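Trainee: For reference, the structure I am asking about is given below.
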Amino acid sequence: MKIWYQSYVDYENGAQYWDELRKHLDAIVDPGTQVDIKGITPHDNYAHAIVEFRCAREVICNAVKAEREGYDAFIIGHFQDAGLYEARSVVDIPVLGMGEASMLYSCQLGQRSGIVTINRRFIPWFHHQIGKYGLKDRVTGVHAMDFEPGQILSAFGSDERLEEVRRLFEEQAKPLVKQGVDVLIPGGGIPMLLFSQLNDHRVEGAPVINGIPIVMKMAEMAVRLRQMTGLGISRTSDYVKPPVEIIEEFMAHPKGL
């Protein structure tokens with residue numbers, strides 16, 4: 001099994017994160033699963049919808065490339081899931097999004113989940129995601145710390161910085177738990193990987209989930225189910241596949257100034 005893991009950070013700007021992510025993925029995948037981490041340049045370095053939109057276009061193209069290069073599944077390793085639905089509409093291999101997978105799995109751990117993101121500018125985006133996934137009654141709160149995407153990378157390799165991020169996360173998480181949240185979701189692959197160093201991480205009894213192994217195992221399961229039963233994406237509504245020439249047009253014609 002070969003899986004394309006799409007990061008929204010490139011190696012030049014997130015080498016330590018990629019190195020830690022590589023070790024983490026190697027430790028959690030099934031024997032025989034090959035995971036190739038791919039980045040985006042320019043990387044996602046500012047919390048804003050226009051940056052997500054720019055990255056989404058590249059992600060959609062990369063999903064097409066992944067399928068053509070023989071990958072069995074495509075993972076969006078970025079909590080905002082930018083480009084997820086569009087990517088699903090243009091390829092037949094399973095496409096998994098970290099945000100969607102994390103939220104869906106959290107529903108099996110508790111009745112109400114809450115997200116703590118790295119920057120408040122992501123809060124409206126996450127509320128749109130929650131609505132799109134039909135989880136407004138299950139994911140009931142979004143709080144934020146105050147980092148830009150690149151800043152939190154400095155916590156890798158620093159116990160002091162890790163403790164600072166953990167403390168800031170808990171400051172935002174505790175009010176959510178008091179409001180009735182059962183499960184806590186770090187809003188991003190970078191904080192998820194950072195907190196993977198904390199065994200049985202909880203805040204006031206509420207588990208803090210790591211969406212990286214969740215989305216990876218969902219991808220492996222999706223590939224196995226497709227192999228065993230032929231189960232794949234629905235083409236009746238949201239994921240209707242466009243004609244080949246329309247996909248080719250999209251791949252060939254990005255417009256700049």
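Residue names in the structure tokens use chain letters A, B, ... in the order shown, residue numbers from 1 in each chain, and ligand numbers from 1 in the order shown.
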Considering only C-alpha atoms, tabulate each residue of range 66-111 of chain A that lies at most 9 Å from range 221-227 of chain A along with its nearest interatomic pair and the corresponding distance in Å to one decimal; arrange the rows by chain and ascending residue number and present them as a Markdown table.
Mentor:
| residue | atom | partner | partner_atom | distance |
| --- | --- | --- | --- | --- |
| A:Asp72 | CA | A:Val223 | CA | 6.5 |
| A:Ala73 | CA | A:Val223 | CA | 6.7 |
| A:Ile93 | CA | A:Val223 | CA | 7.9 |
| A:Pro94 | CA | A:Ala222 | CA | 6.4 |
| A:Val95 | CA | A:Ala222 | CA | 9.0 |
| A:Leu96 | CA | A:Ala222 | CA | 9.0 |
Trainee: For all heavy atoms, I'd like the residues from the last selection saved as a tab-separated table (two decimals), in the first residue's frame.
Mentor:
chain	number	residue	atom	x	y	z
A	72	ASP	N	-2.35	4.58	-3.50
A	72	ASP	CA	-3.61	3.93	-3.14
A	72	ASP	C	-4.54	4.84	-2.36
A	72	ASP	O	-5.75	4.59	-2.29
A	72	ASP	CB	-3.32	2.68	-2.29
A	72	ASP	CG	-2.51	1.66	-3.06
A	72	ASP	OD1	-3.04	1.10	-4.03
A	72	ASP	OD2	-1.34	1.43	-2.69
A	73	ALA	N	-4.01	5.88	-1.73
A	73	ALA	CA	-4.83	6.82	-0.98
A	73	ALA	C	-4.09	8.14	-0.87
A	73	ALA	O	-2.86	8.22	-1.03
A	73	ALA	CB	-5.15	6.28	0.41
A	93	ILE	N	-9.31	7.16	-5.87
A	93	ILE	CA	-8.66	6.63	-4.68
A	93	ILE	C	-9.24	7.34	-3.45
A	93	ILE	O	-9.74	8.47	-3.55
A	93	ILE	CB	-7.13	6.80	-4.72
A	93	ILE	CG1	-6.74	8.28	-4.84
A	93	ILE	CG2	-6.53	5.98	-5.85
A	93	ILE	CD1	-5.24	8.54	-4.76
A	94	PRO	N	-9.20	6.70	-2.27
A	94	PRO	CA	-9.70	7.36	-1.06
A	94	PRO	C	-8.92	8.64	-0.76
A	94	PRO	O	-7.70	8.68	-0.86
A	94	PRO	CB	-9.48	6.31	0.03
A	94	PRO	CG	-9.42	5.01	-0.68
A	94	PRO	CD	-8.79	5.30	-2.01
A	95	VAL	N	-9.66	9.70	-0.40
A	95	VAL	CA	-9.07	10.97	0.03
A	95	VAL	C	-9.57	11.24	1.45
A	95	VAL	O	-10.77	11.36	1.68
A	95	VAL	CB	-9.46	12.12	-0.90
A	95	VAL	CG1	-8.86	13.44	-0.39
A	95	VAL	CG2	-9.00	11.85	-2.34
A	96	LEU	N	-8.64	11.34	2.39
A	96	LEU	CA	-8.96	11.54	3.80
A	96	LEU	C	-8.45	12.90	4.25
A	96	LEU	O	-7.36	13.30	3.86
A	96	LEU	CB	-8.32	10.46	4.67
A	96	LEU	CG	-8.84	9.02	4.64
A	96	LEU	CD1	-10.28	8.95	5.11
A	96	LEU	CD2	-8.66	8.36	3.29
Trainee: Using DSSP on the backbone, list every residue of range 52-250 of chain A that comes out as strand (DSSP E or B), and give them as a VMD selection string.
Mentor: chain A and resid 73 to 76 95 to 97 113 to 117 119 139 to 144 146 183 to 187 202 to 203 206 to 208
Trainee: Could you give me, as a PyMOL selection string, each residue of range 19-256 of chain A that DSSP assigns to alpha helix (DSSP H) when run on this structure's backbone?
Mentor: chain A and resi 19-28+49-68+84-90+98-106+123-132+159-178+189-195+211-229+244-252
Trainee: Those same residues, written as a short mmCIF file (atom, residue, chain, number, x, y, z; two decimals), in the first residue's frame with C-alpha atoms?
Mentor:
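Okay, again.cif is ready:
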data_model
loop_
_atom_site.label_atom_id
_atom_site.label_comp_id
_atom_site.auth_asym_id
_atom_site.auth_seq_id
_atom_site.Cartn_x
_atom_site.Cartn_y
_atom_site.Cartn_z
CA ASP A 19 11.67 14.68 10.51
CA GLU A 20 9.49 14.11 13.59
CA LEU A 21 6.45 13.41 11.40
CA ARG A 22 8.44 10.83 9.45
CA LYS A 23 9.37 8.98 12.64
CA HIS A 24 5.79 9.16 13.92
CA LEU A 25 4.31 7.81 10.70
CA ASP A 26 6.86 5.00 10.51
CA ALA A 27 5.86 3.96 14.03
CA ILE A 28 2.11 3.81 13.40
CA ALA A 49 -8.68 31.80 4.30
CA ILE A 50 -6.92 33.14 1.19
CA VAL A 51 -3.81 31.10 2.06
CA GLU A 52 -5.96 28.00 2.53
CA PHE A 53 -7.57 28.68 -0.85
CA ARG A 54 -4.17 28.95 -2.56
CA CYS A 55 -2.96 25.74 -0.97
CA ALA A 56 -6.22 23.94 -1.81
CA ARG A 57 -5.64 24.36 -5.53
CA GLU A 58 -2.25 22.67 -5.30
CA VAL A 59 -3.71 19.92 -3.14
CA ILE A 60 -6.39 19.11 -5.73
CA CYS A 61 -3.75 18.89 -8.46
CA ASN A 62 -1.58 16.72 -6.21
CA ALA A 63 -4.45 14.31 -5.58
CA VAL A 64 -4.74 13.81 -9.34
CA LYS A 65 -0.96 13.31 -9.57
CA ALA A 66 -1.05 10.82 -6.71
CA GLU A 67 -3.67 8.68 -8.40
CA ARG A 68 -1.80 8.80 -11.74
CA LEU A 84 -10.90 17.99 0.56
CA TYR A 85 -14.29 17.81 -1.17
CA GLU A 86 -12.90 18.99 -4.50
CA ALA A 87 -10.09 16.41 -4.39
CA ARG A 88 -12.62 13.66 -3.72
CA SER A 89 -14.58 14.75 -6.78
CA VAL A 90 -11.66 14.27 -9.19
CA MET A 98 -7.23 15.20 9.06
CA GLY A 99 -9.86 17.61 10.35
CA GLU A 100 -12.82 15.53 9.23
CA ALA A 101 -11.26 12.26 10.44
CA SER A 102 -10.41 13.76 13.85
CA MET A 103 -13.88 15.19 14.38
CA LEU A 104 -15.64 12.00 13.29
CA TYR A 105 -13.49 9.79 15.51
CA SER A 106 -13.91 12.09 18.49
CA ILE A 123 -12.09 29.99 14.27
CA PRO A 124 -14.58 30.96 11.51
CA TRP A 125 -13.01 28.38 9.17
CA PHE A 126 -13.43 25.62 11.78
CA HIS A 127 -17.06 26.56 12.35
CA HIS A 128 -17.63 26.25 8.59
CA GLN A 129 -15.98 22.80 8.70
CA ILE A 130 -18.10 21.69 11.63
CA GLY A 131 -21.26 22.72 9.77
CA LYS A 132 -20.14 21.11 6.53
CA ASP A 159 11.07 20.79 26.25
CA GLU A 160 10.63 24.33 27.53
CA ARG A 161 8.75 25.41 24.40
CA LEU A 162 6.63 22.23 24.47
CA GLU A 163 5.62 22.99 28.05
CA GLU A 164 4.72 26.56 27.07
CA VAL A 165 2.47 25.37 24.22
CA ARG A 166 0.88 22.75 26.50
CA ARG A 167 0.14 25.41 29.10
CA LEU A 168 -1.40 27.78 26.55
CA PHE A 169 -3.45 24.92 25.12
CA GLU A 170 -4.78 24.00 28.54
CA GLU A 171 -5.71 27.62 29.28
CA GLN A 172 -8.05 27.51 26.29
CA ALA A 173 -9.17 23.90 26.84
CA LYS A 174 -10.28 24.13 30.47
CA PRO A 175 -13.23 26.48 29.79
CA LEU A 176 -14.42 24.09 27.06
CA VAL A 177 -14.39 21.18 29.51
CA LYS A 178 -16.32 23.28 32.03
CA GLY A 189 -1.24 18.64 12.54
CA ILE A 190 1.69 20.52 14.07
CA PRO A 191 0.25 20.75 17.62
CA MET A 192 -1.04 17.18 17.30
CA LEU A 193 2.44 15.91 16.52
CA LEU A 194 3.93 18.08 19.25
CA PHE A 195 1.52 16.68 21.86
CA GLY A 211 -5.47 12.99 14.56
CA ILE A 212 -2.36 11.80 12.72
CA PRO A 213 -2.70 8.07 13.55
CA ILE A 214 -6.48 8.43 13.25
CA VAL A 215 -6.41 9.70 9.67
CA MET A 216 -3.62 7.26 8.76
CA LYS A 217 -5.55 4.23 10.04
CA MET A 218 -8.71 5.45 8.32
CA ALA A 219 -6.76 5.67 5.07
CA GLU A 220 -5.38 2.17 5.44
CA MET A 221 -8.87 0.88 6.25
CA ALA A 222 -10.37 2.70 3.24
CA VAL A 223 -7.80 1.09 0.93
CA ARG A 224 -8.43 -2.38 2.40
CA LEU A 225 -12.20 -2.01 2.12
CA ARG A 226 -11.87 -0.90 -1.49
CA GLN A 227 -9.68 -3.91 -2.22
CA MET A 228 -12.00 -6.34 -0.42
CA THR A 229 -15.41 -5.03 -1.44
CA VAL A 244 -11.54 14.20 -18.05
CA GLU A 245 -11.09 17.31 -20.20
CA ILE A 246 -12.35 19.52 -17.36
CA ILE A 247 -9.84 17.97 -14.96
CA GLU A 248 -7.08 18.51 -17.52
CA GLU A 249 -8.15 22.14 -17.95
CA PHE A 250 -7.96 22.67 -14.19
CA MET A 251 -4.51 21.06 -14.04
CA ALA A 252 -3.16 23.14 -16.94
#
Trainee: Neighbouring residues of Trp4 in chain A were defined as those with any atom within 8 Å, considering only C-alpha atoms; residues of the same chain fewer than 6 positions away were excluded. Please report them as an NGL selection string.
Mentor: :A and (35-38 or 66 or 71 or 73-75)
Trainee: Could you list, as a list in words, every residue within 7 Å of range 184-186 of chain A, counting only C-alpha atoms and ignoring same-chain residues fewer than 6 positions away?
Mentor: Ser113, Gly114, Ile115, Val116, Thr117, Met192, Ala206, Pro207, Val208 and Ile209 of chain A
Trainee: Keeping N, CA and C atoms for every residue in the selection just given, could you write it to a file as a CSV table (one decimal), in the first residue's frame?
Mentor:
chain,number,residue,atom,x,y,z
A,113,SER,N,-17.3,17.4,21.6
A,113,SER,CA,-15.9,17.7,21.4
A,113,SER,C,-15.7,19.2,21.2
A,114,GLY,N,-14.4,19.6,21.5
A,114,GLY,CA,-14.1,21.0,21.4
A,114,GLY,C,-12.7,21.1,20.7
A,115,ILE,N,-12.5,22.1,19.9
A,115,ILE,CA,-11.2,22.3,19.2
A,115,ILE,C,-10.5,23.5,19.8
A,116,VAL,N,-9.2,23.3,20.0
A,116,VAL,CA,-8.3,24.5,20.4
A,116,VAL,C,-7.3,24.6,19.2
A,117,THR,N,-7.5,25.7,18.5
A,117,THR,CA,-6.7,26.0,17.3
A,117,THR,C,-5.5,26.9,17.7
A,192,MET,N,-0.8,18.6,17.1
A,192,MET,CA,-1.0,17.2,17.3
A,192,MET,C,0.3,16.4,17.4
A,206,ALA,N,-10.5,15.2,30.2
A,206,ALA,CA,-10.9,15.0,28.8
A,206,ALA,C,-9.7,14.7,27.9
A,207,PRO,N,-9.8,13.6,27.2
A,207,PRO,CA,-8.7,13.2,26.3
A,207,PRO,C,-8.4,14.2,25.2
A,208,VAL,N,-7.1,14.4,25.0
A,208,VAL,CA,-6.6,15.2,23.9
A,208,VAL,C,-6.2,14.3,22.7
A,209,ILE,N,-6.9,14.3,21.6
A,209,ILE,CA,-6.6,13.3,20.6
A,209,ILE,C,-5.5,13.7,19.6
Trainee: When you count only C-alpha atoms, which of these residues is closest to Ser7 in chain A: A:Pro243, A:Gly205, A:Gly39, A:Gly188?
Mentor: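 Between A:Pro243, A:Gly205, A:Gly39, A:Gly188, the residue approaching Ser7 in chain A most closely is A:Gly39.
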Trainee: Do a neighbour search on Met1 in chain A at 7 Å with only C-alpha atoms, toss out local chain neighbours closer than 4 positions, and write the hits as JSON, numbers by chain.
Mentor: {"A": [32, 33, 34, 72]}
Trainee: Export N, CA, C and O atoms of the chosen residues as a compact mmCIF listing (two decimals), in the first residue's frame?
Mentor:
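Below is the file again.txt, written as the result:
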# COMPACT_ATOMS: atom_id res chain seq x y z
N GLY A 32 4.22 -2.98 5.48
CA GLY A 32 3.94 -2.95 4.04
C GLY A 32 3.33 -1.66 3.55
O GLY A 32 3.16 -1.48 2.34
N THR A 33 2.99 -0.74 4.46
CA THR A 33 2.46 0.56 4.04
C THR A 33 3.60 1.54 3.87
O THR A 33 4.40 1.76 4.78
N GLN A 34 3.67 2.14 2.68
CA GLN A 34 4.66 3.18 2.37
C GLN A 34 3.96 4.52 2.38
O GLN A 34 2.96 4.71 1.70
N ASP A 72 -2.35 4.58 -3.50
CA ASP A 72 -3.61 3.93 -3.14
C ASP A 72 -4.54 4.84 -2.36
O ASP A 72 -5.75 4.59 -2.29
Trainee: Between CA of Ala144 in chain A and CA of Asn45 in chain A, what distance in Å does the model show, to one decimal?
Mentor: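 That distance, rounded to one decimal, is 16.8 Å.
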